[in-house]
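> CSV, C-alpha atoms and all ligand atoms, file input.csv:
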chain,number,residue,atom,x,y,z
A,1,MET,CA,117.4,-18.3,39.9
A,2,ASN,CA,116.5,-19.6,36.4
A,3,LEU,CA,116.3,-17.4,33.4
A,4,VAL,CA,112.6,-16.6,33.5
A,5,GLU,CA,112.7,-15.9,37.2
A,6,GLU,CA,115.5,-13.5,36.6
A,7,LEU,CA,113.7,-11.8,33.8
A,8,ARG,CA,110.6,-11.5,36.0
A,9,THR,CA,112.5,-10.0,38.8
A,10,ARG,CA,114.9,-7.7,36.9
A,11,ARG,CA,112.6,-6.9,33.9
A,12,ASN,CA,115.8,-7.2,31.9
A,13,LEU,CA,118.5,-9.6,31.0
A,14,SER,CA,122.0,-9.3,29.4
A,15,ASP,CA,122.2,-9.7,25.7
A,16,GLU,CA,123.6,-13.2,26.2
A,17,ASP,CA,120.7,-14.2,28.4
A,18,PHE,CA,118.1,-12.8,26.0
A,19,LEU,CA,119.9,-14.9,23.3
A,20,ARG,CA,119.6,-18.1,25.4
A,21,LEU,CA,115.9,-17.4,25.9
A,22,LEU,CA,115.3,-16.8,22.2
A,23,LYS,CA,117.3,-19.7,20.9
A,24,THR,CA,115.2,-22.7,22.2
A,25,ASP,CA,111.7,-23.6,23.2
A,26,GLU,CA,113.0,-24.8,26.5
A,27,TYR,CA,111.7,-21.9,28.5
A,28,ASP,CA,108.5,-21.2,26.6
A,29,GLN,CA,105.9,-22.7,29.0
A,30,GLU,CA,107.4,-21.0,32.0
A,31,LEU,CA,107.8,-17.7,30.0
A,32,PHE,CA,104.2,-17.7,28.8
A,33,SER,CA,102.6,-18.6,32.2
A,34,SER,CA,104.7,-15.9,33.9
A,35,ALA,CA,103.8,-13.4,31.2
A,36,VAL,CA,100.1,-14.1,31.7
A,37,ARG,CA,100.4,-13.7,35.5
A,38,LEU,CA,102.1,-10.3,34.9
A,39,ARG,CA,99.4,-9.1,32.5
A,40,GLN,CA,96.8,-10.2,35.1
A,41,LYS,CA,98.5,-8.1,37.7
A,42,TYR,CA,97.9,-4.9,35.7
A,43,TYR,CA,94.9,-5.8,33.5
A,44,GLY,CA,93.1,-8.7,35.1
A,45,ASN,CA,91.4,-10.8,32.4
A,46,ASP,CA,90.5,-7.7,30.4
A,47,VAL,CA,91.3,-7.5,26.7
A,48,TYR,CA,91.0,-4.2,25.0
A,49,LEU,CA,89.5,-3.7,21.5
A,50,ARG,CA,90.8,-1.4,18.8
A,51,GLY,CA,88.7,-0.8,15.7
A,52,LEU,CA,90.9,-0.7,12.7
A,53,ILE,CA,89.8,1.5,9.9
A,54,GLU,CA,92.0,1.1,6.8
A,55,ILE,CA,91.6,4.5,5.2
A,56,SER,CA,93.8,4.2,2.1
A,57,SER,CA,95.8,1.7,0.1
A,58,TYR,CA,97.6,4.4,-1.8
A,59,CYS,CA,101.2,4.8,-0.6
A,60,LYS,CA,104.1,6.9,-1.8
A,61,ASN,CA,106.6,4.6,-0.1
A,62,ASP,CA,108.2,1.5,-1.5
A,63,CYS,CA,109.0,-0.7,1.5
A,64,TYR,CA,110.2,-4.0,0.0
A,65,TYR,CA,108.1,-6.2,2.3
A,66,CYS,CA,104.7,-4.5,2.0
A,67,GLY,CA,102.0,-5.4,-0.4
A,68,ILE,CA,100.7,-1.9,-0.9
A,69,ARG,CA,104.1,-0.4,-1.8
A,70,LYS,CA,104.0,2.1,-4.6
A,71,GLY,CA,105.9,-0.2,-6.9
A,72,ASN,CA,103.2,-3.0,-6.8
A,73,ARG,CA,101.3,-2.5,-10.0
A,74,GLN,CA,99.0,-5.4,-9.1
A,75,ALA,CA,97.8,-3.7,-5.9
A,76,GLN,CA,94.2,-2.4,-6.0
A,77,ARG,CA,94.0,1.1,-4.7
A,78,TYR,CA,91.2,2.8,-2.8
A,79,ARG,CA,90.6,5.5,-0.4
A,80,LEU,CA,87.7,6.0,2.0
A,81,SER,CA,85.7,9.2,2.0
A,82,GLU,CA,85.4,11.2,5.2
A,83,GLU,CA,81.8,10.1,5.4
A,84,GLU,CA,82.7,6.4,5.0
A,85,ILE,CA,85.3,6.7,7.8
A,86,LEU,CA,82.8,8.4,10.1
A,87,GLU,CA,80.2,5.7,9.3
A,88,CYS,CA,82.8,3.0,10.2
A,89,ALA,CA,83.3,4.7,13.6
A,90,ARG,CA,79.6,5.0,14.2
A,91,GLN,CA,79.1,1.3,13.5
A,92,GLY,CA,82.1,0.5,15.7
A,93,TYR,CA,80.7,2.6,18.5
A,94,GLU,CA,77.4,0.6,18.4
A,95,LEU,CA,79.5,-2.6,18.6
A,96,GLY,CA,81.3,-1.4,21.8
A,97,PHE,CA,84.5,0.0,20.3
A,98,ARG,CA,85.9,2.9,22.2
A,99,THR,CA,89.2,3.3,20.2
A,100,PHE,CA,89.4,3.8,16.5
A,101,VAL,CA,92.7,3.4,14.7
A,102,LEU,CA,92.9,5.1,11.3
A,103,GLN,CA,95.6,3.4,9.4
A,104,GLY,CA,96.8,3.7,5.8
A,105,GLY,CA,99.6,4.0,3.3
A,106,GLU,CA,101.3,7.4,3.1
A,107,ASP,CA,98.7,8.9,0.8
A,108,PRO,CA,99.2,12.7,0.1
A,109,TRP,CA,95.5,13.0,-0.8
A,110,PHE,CA,94.9,12.9,3.0
A,111,THR,CA,96.3,16.4,3.7
A,112,ASP,CA,96.7,17.6,7.2
A,113,GLU,CA,93.6,19.5,6.8
A,114,ARG,CA,91.5,16.5,5.9
A,115,ILE,CA,93.0,14.3,8.7
A,116,CYS,CA,92.4,17.0,11.2
A,117,GLY,CA,88.8,17.4,10.0
A,118,ILE,CA,88.2,13.6,10.3
A,119,VAL,CA,89.8,13.4,13.8
A,120,SER,CA,87.9,16.3,15.2
A,121,GLN,CA,84.6,15.0,13.8
A,122,ILE,CA,85.1,11.6,15.3
A,123,LYS,CA,86.0,13.1,18.7
A,124,ALA,CA,82.9,15.4,18.5
A,125,GLU,CA,80.6,12.5,17.8
A,126,HIS,CA,82.3,10.1,20.3
A,127,PRO,CA,83.9,12.2,23.1
A,128,ASP,CA,84.4,9.1,25.1
A,129,CYS,CA,86.6,7.4,22.5
A,130,ALA,CA,90.3,7.5,21.7
A,131,VAL,CA,91.5,8.2,18.2
A,132,THR,CA,94.7,6.5,17.1
A,133,LEU,CA,96.5,7.4,13.9
A,134,SER,CA,98.9,5.1,12.0
A,135,LEU,CA,99.7,7.0,8.9
A,136,GLY,CA,103.5,6.8,8.7
A,137,GLU,CA,106.2,9.4,8.8
A,138,LYS,CA,105.1,13.0,8.8
A,139,GLU,CA,106.6,16.4,9.6
A,140,ARG,CA,106.5,17.3,13.3
A,141,SER,CA,104.1,20.2,12.5
A,142,SER,CA,101.7,17.7,11.0
A,143,TYR,CA,101.8,15.4,14.1
A,144,GLN,CA,101.2,18.5,16.2
A,145,ALA,CA,98.2,19.5,14.1
A,146,TYR,CA,96.6,16.1,14.4
A,147,PHE,CA,97.2,16.1,18.1
A,148,ASP,CA,95.6,19.6,18.4
A,149,ALA,CA,92.7,18.3,16.5
A,150,GLY,CA,92.2,15.6,19.2
A,151,ALA,CA,94.2,12.6,18.2
A,152,ASP,CA,95.3,10.7,21.3
A,153,ARG,CA,97.7,8.0,20.1
A,154,TYR,CA,100.0,7.2,17.2
A,155,LEU,CA,101.3,3.9,16.0
A,156,LEU,CA,104.6,3.8,14.1
A,157,ARG,CA,106.6,0.6,14.2
A,158,HIS,CA,110.3,1.1,13.9
A,159,GLU,CA,110.3,-2.2,12.0
A,160,THR,CA,113.9,-3.1,12.9
A,161,ALA,CA,116.4,-1.2,15.2
A,162,ASP,CA,119.4,-2.2,13.2
A,163,PRO,CA,120.3,0.5,10.7
A,164,GLU,CA,121.8,-1.9,8.2
A,165,HIS,CA,119.0,-4.3,8.4
A,166,TYR,CA,116.6,-1.4,8.0
A,167,SER,CA,118.3,-0.5,4.8
A,168,LEU,CA,117.8,-4.0,3.5
A,169,LEU,CA,114.1,-3.7,4.0
A,170,HIS,CA,113.6,-0.2,2.7
A,171,PRO,CA,114.7,1.7,-0.4
A,172,ALA,CA,117.4,4.4,-0.2
A,173,GLY,CA,115.8,7.6,1.0
A,174,MET,CA,114.2,5.9,4.0
A,175,SER,CA,116.2,5.6,7.1
A,176,LEU,CA,116.0,4.2,10.6
A,177,SER,CA,117.1,7.6,12.0
A,178,ALA,CA,114.2,9.4,10.3
A,179,ARG,CA,111.8,6.8,11.6
A,180,LYS,CA,113.2,7.2,15.1
A,181,GLN,CA,113.0,11.0,14.9
A,182,CYS,CA,109.3,10.7,14.2
A,183,LEU,CA,108.8,8.5,17.3
A,184,TRP,CA,110.7,11.0,19.5
A,185,ASP,CA,108.6,13.9,18.0
A,186,LEU,CA,105.4,12.0,18.7
A,187,LYS,CA,106.4,11.4,22.3
A,188,GLU,CA,107.4,15.0,22.9
A,189,ILE,CA,104.1,16.3,21.5
A,190,GLY,CA,102.3,14.2,24.1
A,191,TYR,CA,100.9,11.2,22.2
A,192,GLN,CA,100.6,7.8,23.7
A,193,VAL,CA,103.0,6.2,21.3
A,194,GLY,CA,103.1,2.7,19.9
A,195,SER,CA,106.1,1.2,18.2
A,196,GLY,CA,107.1,-2.3,17.2
A,197,PHE,CA,108.6,-4.6,14.6
A,198,MET,CA,108.1,-7.6,12.4
A,199,VAL,CA,109.5,-10.9,13.5
A,200,GLY,CA,111.2,-13.1,10.9
A,201,SER,CA,111.6,-10.4,8.3
A,202,PRO,CA,114.2,-11.2,5.6
A,203,TRP,CA,117.8,-11.3,7.0
A,204,GLN,CA,116.7,-10.7,10.6
A,205,THR,CA,118.9,-12.4,13.2
A,206,LEU,CA,118.3,-13.0,16.9
A,207,GLU,CA,120.8,-10.2,17.6
A,208,HIS,CA,118.5,-7.8,15.6
A,209,LEU,CA,115.6,-8.8,17.9
A,210,ILE,CA,117.7,-7.9,20.9
A,211,ALA,CA,118.5,-4.5,19.3
A,212,ASP,CA,114.7,-4.1,19.0
A,213,ILE,CA,114.2,-4.7,22.8
A,214,ARG,CA,117.1,-2.3,23.6
A,215,PHE,CA,115.6,0.5,21.4
A,216,LEU,CA,112.1,0.0,23.0
A,217,GLN,CA,113.7,0.3,26.4
A,218,GLU,CA,115.0,3.7,25.3
A,219,LEU,CA,111.7,4.8,23.8
A,220,GLU,CA,109.5,3.5,26.6
A,221,PRO,CA,106.4,3.2,24.3
A,222,ASP,CA,102.9,2.8,25.7
A,223,MET,CA,102.0,0.2,23.0
A,224,ILE,CA,104.2,-2.5,21.3
A,225,GLY,CA,102.9,-4.1,18.2
A,226,ILE,CA,104.7,-7.1,16.8
A,227,GLY,CA,103.7,-9.7,14.3
A,228,PRO,CA,105.4,-12.3,12.0
A,229,TYR,CA,106.7,-11.0,8.7
A,230,ILE,CA,104.4,-12.6,6.0
A,231,ASN,CA,105.4,-12.9,2.4
A,232,HIS,CA,103.5,-11.0,-0.3
A,233,ARG,CA,103.7,-12.5,-3.7
A,234,ASP,CA,104.0,-9.2,-5.6
A,235,THR,CA,106.9,-7.6,-3.7
A,236,PRO,CA,110.7,-7.9,-4.2
A,237,PHE,CA,110.6,-10.4,-1.2
A,238,GLY,CA,108.0,-12.5,-2.9
A,239,GLY,CA,110.0,-15.7,-2.7
A,240,MET,CA,111.2,-15.4,0.9
A,241,GLU,CA,110.1,-17.3,3.9
A,242,SER,CA,107.6,-15.9,6.4
A,243,GLY,CA,108.4,-15.5,10.1
A,244,SER,CA,107.6,-18.2,12.6
A,245,LEU,CA,104.8,-18.4,15.1
A,246,ASP,CA,107.0,-19.8,17.8
A,247,LEU,CA,109.6,-17.0,17.7
A,248,CYS,CA,106.8,-14.4,17.6
A,249,LEU,CA,105.1,-15.8,20.7
A,250,ARG,CA,108.5,-16.0,22.5
A,251,MET,CA,109.1,-12.3,21.7
A,252,LEU,CA,105.6,-11.5,23.1
A,253,GLY,CA,106.4,-13.3,26.3
A,254,ILE,CA,109.6,-11.5,26.7
A,255,LEU,CA,108.1,-8.1,25.9
A,256,ARG,CA,105.4,-8.6,28.5
A,257,HIS,CA,108.2,-9.0,31.1
A,258,VAL,CA,110.3,-6.1,30.1
A,259,PHE,CA,107.3,-3.8,29.6
A,260,ALA,CA,105.0,-5.3,32.2
A,261,ASP,CA,102.2,-2.6,31.9
A,262,ALA,CA,102.3,-2.1,28.2
A,263,LEU,CA,99.5,-2.5,25.7
A,264,ILE,CA,100.5,-5.4,23.4
A,265,PRO,CA,98.2,-6.6,20.6
A,266,ALA,CA,97.7,-10.1,19.4
A,267,THR,CA,97.9,-9.0,15.8
A,268,THR,CA,96.1,-10.0,12.6
A,269,ALA,CA,99.4,-11.2,11.2
A,270,LEU,CA,99.7,-13.6,14.1
A,271,GLY,CA,96.1,-14.9,13.3
A,272,THR,CA,97.1,-15.2,9.7
A,273,ILE,CA,100.1,-17.6,10.2
A,274,HIS,CA,98.2,-19.9,12.5
A,275,PRO,CA,94.4,-20.5,12.9
A,276,GLN,CA,94.7,-19.9,16.7
A,277,GLY,CA,97.5,-17.4,16.5
A,278,ARG,CA,95.7,-14.6,18.3
A,279,GLU,CA,94.5,-16.8,21.1
A,280,LEU,CA,98.1,-18.1,21.5
A,281,GLY,CA,99.3,-14.5,21.5
A,282,LEU,CA,97.0,-13.7,24.4
A,283,LEU,CA,98.3,-16.7,26.2
A,284,ALA,CA,101.9,-15.5,25.7
A,285,GLY,CA,101.2,-12.1,27.2
A,286,ALA,CA,99.2,-9.9,24.7
A,287,ASN,CA,96.2,-7.9,26.0
A,288,VAL,CA,94.8,-6.1,23.0
A,289,VAL,CA,93.0,-7.2,19.8
A,290,MET,CA,92.4,-5.1,16.7
A,291,PRO,CA,89.4,-6.2,14.7
A,292,ASN,CA,88.7,-4.7,11.3
A,293,LEU,CA,86.0,-2.0,10.9
A,294,SER,CA,86.8,-1.2,7.3
A,295,PRO,CA,83.9,-1.6,4.8
A,296,VAL,CA,83.9,-5.1,3.4
A,297,SER,CA,84.1,-3.8,-0.1
A,298,VAL,CA,87.7,-2.6,0.4
A,299,ARG,CA,89.1,-5.1,2.9
A,300,LYS,CA,90.9,-7.3,0.3
A,301,LYS,CA,92.5,-4.3,-1.2
A,302,TYR,CA,94.4,-3.4,2.0
A,303,GLU,CA,96.6,-6.4,1.4
A,304,LEU,CA,99.9,-5.9,3.3
A,305,TYR,CA,100.7,-9.6,3.0
A,306,ASP,CA,99.2,-12.8,1.4
A,307,ASN,CA,96.2,-14.5,2.8
A,308,LYS,CA,95.3,-11.8,5.3
A,309,ILE,CA,92.4,-13.0,7.5
A,310,CYS,CA,89.0,-11.4,8.2
A,311,THR,CA,88.7,-9.8,4.7
A,312,GLY,CA,85.2,-11.2,4.1
A,313,GLU,CA,83.2,-10.5,7.3
A,314,GLU,CA,81.2,-7.6,8.3
A,315,ALA,CA,82.4,-5.7,11.4
A,316,ALA,CA,79.8,-7.2,13.6
A,317,GLU,CA,80.8,-10.8,12.6
A,318,CYS,CA,84.5,-10.0,13.3
A,319,ARG,CA,83.5,-8.6,16.7
A,320,GLY,CA,81.5,-11.8,17.5
A,321,CYS,CA,84.3,-14.1,16.3
A,322,LEU,CA,86.9,-12.4,18.3
A,323,GLN,CA,84.7,-12.3,21.4
A,324,ARG,CA,84.5,-16.1,21.2
A,325,ARG,CA,88.2,-16.5,20.5
A,326,VAL,CA,89.2,-14.2,23.5
A,327,SER,CA,86.9,-16.1,25.9
A,328,SER,CA,88.1,-19.5,24.7
A,329,ALA,CA,91.6,-18.3,25.8
A,330,GLY,CA,90.1,-17.4,29.3
A,331,PHE,CA,90.0,-13.6,28.8
A,332,GLU,CA,87.2,-11.1,28.4
A,333,ILE,CA,86.7,-8.2,25.9
A,334,VAL,CA,85.8,-5.0,27.7
A,335,VAL,CA,84.0,-1.9,26.5
A,336,ASP,CA,86.7,0.7,27.4
A,337,ARG,CA,89.0,3.2,25.7
A,338,GLY,CA,91.8,0.9,26.9
A,339,ASP,CA,94.4,3.3,28.1
A,340,ARG,CA,97.6,2.0,29.5
A,341,ARG,CA,97.4,1.3,33.2
A,342,LYS,CA,100.6,2.8,34.3
A,343,GLU,CA,102.6,0.8,36.8
A,344,TYR,CA,102.8,3.5,39.4
A,345,GLY,CA,99.6,5.4,38.6
A,346,LEU,CA,97.0,2.6,38.9
B,401,LIG,N1,102.0,3.5,6.5
B,401,LIG,C1,101.9,3.2,7.9
B,401,LIG,C2,101.2,1.9,8.2
B,401,LIG,C3,101.9,0.7,7.7
B,401,LIG,S1,101.1,-0.9,7.7
B,401,LIG,C4,103.2,3.2,8.5
B,401,LIG,O1,104.2,3.4,7.8
B,401,LIG,O2,103.4,3.1,9.7
B,401,LIG,C5,101.3,-1.3,9.4
B,401,LIG,C6,102.4,-2.4,9.6
B,401,LIG,O3,102.2,-3.5,8.9
B,401,LIG,C7,103.8,-2.0,9.2
B,401,LIG,O4,104.4,-1.1,10.2
B,401,LIG,C8,104.5,-3.3,9.1
B,401,LIG,O5,105.2,-3.6,10.3
B,401,LIG,C9,103.4,-4.3,8.9
B,401,LIG,N2,103.6,-5.0,7.6
B,401,LIG,C10,103.7,-4.5,6.4
B,401,LIG,N3,104.0,-5.4,5.5
B,401,LIG,C11,104.0,-6.6,6.2
B,401,LIG,C12,104.2,-8.0,5.8
B,401,LIG,N4,104.5,-8.3,4.6
B,401,LIG,N5,104.2,-8.9,6.8
B,401,LIG,C13,103.9,-8.6,8.1
B,401,LIG,N6,103.7,-7.3,8.5
B,401,LIG,C14,103.7,-6.3,7.6
In structure tokens, what does this structure look like?

Amino acid sequence: MNLVEELRTRRNLSDEDFLRLLKTDEYDQELFSSAVRLRQKYYGNDVYLRGLIEISSYCKNDCYYCGIRKGNRQAQRYRLSEEEILECARQGYELGFRTFVLQGGEDPWFTDERICGIVSQIKAEHPDCAVTLSLGEKERSSYQAYFDAGADRYLLRHETADPEHYSLLHPAGMSLSARKQCLWDLKEIGYQVGSGFMVGSPWQTLEHLIADIRFLQELEPDMIGIGPYINHRDTPFGGMESGSLDLCLRMLGILRHVFADALIPATTALGTIHPQGRELGLLAGANVVMPNLSPVSVRKKYELYDNKICTGEEAAECRGCLQRRVSSAGFEIVVDRGDRRKEYGL
């Protein structure tokens, strides 16, 4: 049996075999076509939409890679009002979105009370929709409050599963163990949980990527978001190299095999490093896209990395553009909450 067949059958490989797969482009074509067949088994040609609403560019954290880190004096700060957020969701609903993702920096202005109010209002207006939060590390009691207010899902990438690597990407005071604890809390509370990592972040090795797979195997998340690390000029990593498209696609292909029924987005970062990045992501095993629903007036200010795409278009244009891209890859966007179709609970 060759490597890809073994991965397909066992849904796993030894560290050495993962390394062999990651090291060359030799297996790529077979890996990607097998990944697409697997996603087809669970999801057919369906691609799920998530409407991303970027609620705040204020952040109290100082992650070295991120453009909206506290220490970036050049960053333009904004926060959306409750009414603006609700308006984005209304517009999204009209456009066929059935999941809204509220993402932002860790902005203390958004108290638990405010978040709960917004979540419950969206759920009241759109009871057939899922609300996903991506607001960083919080106390367990806060996660519980959001969940009780109606939040369905939470996205929190672990960023890297190697503690030393984690400490090279984040200032003292942030730790991998704290991040992991948040993920376990979210799971226990009952959220559908998404985690993930950047590919090609500074000092990342292939061994780190294997540690990422191993951690995800432990966590068993419903969603896995990965994308290339992309430089931001006004961060301490300003002069570093961005991650590669090829390695990111290879990781997507592998993740689809190990987590056959998972929700895996073709991310905006992937679309930023290559004009057809998201289409290629779908053809490597991804099954979700996350167009931007934020008001155009703030889009450029939520600048996690340089040259982020889709900052000029209205929501409807983004939706139309992605529709064309998805069908050009042979898939189809569906109007659906897009819950995970669990392997044994189809
Ligand atoms: N404050 C939230 C949301 C962070 S932004 C949180 O802590 O989860 C969402 C994701 O963007 C991050 O988890 C990170 O993986 C990614 N990101 C940040 N800076 C990036 C960069 N320079 N290149 C690529 N991805 C980046």
> Would you mind reading off the distance between CA of Arg20 in chain A and CA of Leu282 in chain A, one decimal, in Å?
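Answer for the CA of Arg20 in chain A to CA of Leu282 in chain A separation: 23.0 Å.
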> Can you tell me which residues surround Arg79 in chain A at a distance of at most 7 Å, considering only C-alpha atoms, apart from same-chain residues fewer than 5 positions away, and format the answer as a VMD selection string?
chain A and resid 55 to 57
> Using all atoms listed in the file, which of the listed residues (A:Arg69, A:Arg39, A:Arg157, A:Arg114) sits closest to ligand LIG 401 (chain B)?
A:Arg157
> Identify, counting all atoms listed in the file, the protein, DNA and RNA residues located within 9 Å of ligand LIG 401 (chain B), and give them as a ChimeraX atom specification.
/A:59,61,63-69,103-107,134-137,155-159,195-199,201,225-232,235,237,242-243,269-270,303-306
> May I ask for the distance between CA of Lys41 in chain A and CA of Gly194 in chain A, given in Å to one decimal place?
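Between CA of Lys41 in chain A and CA of Gly194 in chain A the gap is 21.3 Å.
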> So which one's closest to Glu30 in chain A, A:Ala89, A:Ala284, A:Leu245, A:Leu49? Using all atoms listed in the file, please.
A:Ala284
> Would you mind telling me which residue in A:Ala329, A:Asp185, A:Leu31, A:Pro202 lies nearest to Pro236 in chain A when using only C-alpha atoms?
A:Pro202
> Write out as a list of chain:residue names the residues lying within 10 Å of Gly190 in chain A, counting all atoms listed in the file and excluding same-chain residues fewer than 2 positions away.
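The neighbour list is A:Gln144, A:Phe147, A:Asp152, A:Arg153, A:Asp185, A:Leu186, A:Lys187, A:Glu188, A:Gln192, A:Val193.
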> Considering all atoms listed in the file, can you say which of A:Glu5, A:Glu87, A:Asp162, A:Glu220 comes closest to Leu206 in chain A?
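Closest candidate: A:Asp162.
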> One decimal, in Å: what's the spacing between CA of His257 in chain A and CA of Gln40 in chain A?
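Here the two named atoms are 12.1 Å from each other.
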> May I have the residues within 6 Å of Pro265 in chain A as a PyMOL selection string, using only C-alpha atoms and disregarding those fewer than 5 positions away in the same chain?
chain A and resi 225+286-289
> Tell me which of A:Ser297, A:Asn307, A:Thr132, A:Ser327 sits closest to Met223 in chain A, counting all atoms listed in the file.
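Looking at the shortest contact to Met223 in chain A, the residue is A:Thr132.
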> Within 8 Å of Val101 in chain A, counting all atoms listed in the file, which residues show up once you throw out same-chain ones fewer than 2 positions away? Write them as a PyMOL selection string, please.
chain A and resi 50-53+99+103+131-134
> Please identify all polymer residues within 9 Å of range 312-323 of chain A, counting all atoms listed in the file, omitting same-chain residues fewer than 3 positions from it, and present them as number ranges by chain.
A: 88, 91-92, 95, 289, 291-297, 299-300, 309, 326-328, 332-333
> Here is a test: counting all atoms listed in the file, which residue of A:Ala149, A:Val335, A:Asp234, A:Glu113 is nearest to Asn72 in chain A?
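Going through A:Ala149, A:Val335, A:Asp234, A:Glu113 one by one, the smallest distance to Asn72 in chain A is for A:Asp234.
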> Using all atoms listed in the file - which residues lie no farther than 10 Å from the point (113.8, -1.0, 3.6) in the file's frame? Write them as a compact mmCIF listing (two decimals) with C-alpha atoms, in the frame of the given file.

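And here's part.txt as it stands now:
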# COMPACT_ATOMS: atom_id res chain seq x y z
CA ASN A 61 106.60 4.60 -0.10
CA ASP A 62 108.20 1.50 -1.50
CA CYS A 63 109.00 -0.70 1.50
CA TYR A 64 110.20 -4.00 0.00
CA TYR A 65 108.10 -6.20 2.30
CA CYS A 66 104.70 -4.50 2.00
CA GLU A 159 110.30 -2.20 12.00
CA THR A 160 113.90 -3.10 12.90
CA PRO A 163 120.30 0.50 10.70
CA GLU A 164 121.80 -1.90 8.20
CA HIS A 165 119.00 -4.30 8.40
CA TYR A 166 116.60 -1.40 8.00
CA SER A 167 118.30 -0.50 4.80
CA LEU A 168 117.80 -4.00 3.50
CA LEU A 169 114.10 -3.70 4.00
CA HIS A 170 113.60 -0.20 2.70
CA PRO A 171 114.70 1.70 -0.40
CA ALA A 172 117.40 4.40 -0.20
CA GLY A 173 115.80 7.60 1.00
CA MET A 174 114.20 5.90 4.00
CA SER A 175 116.20 5.60 7.10
CA LEU A 176 116.00 4.20 10.60
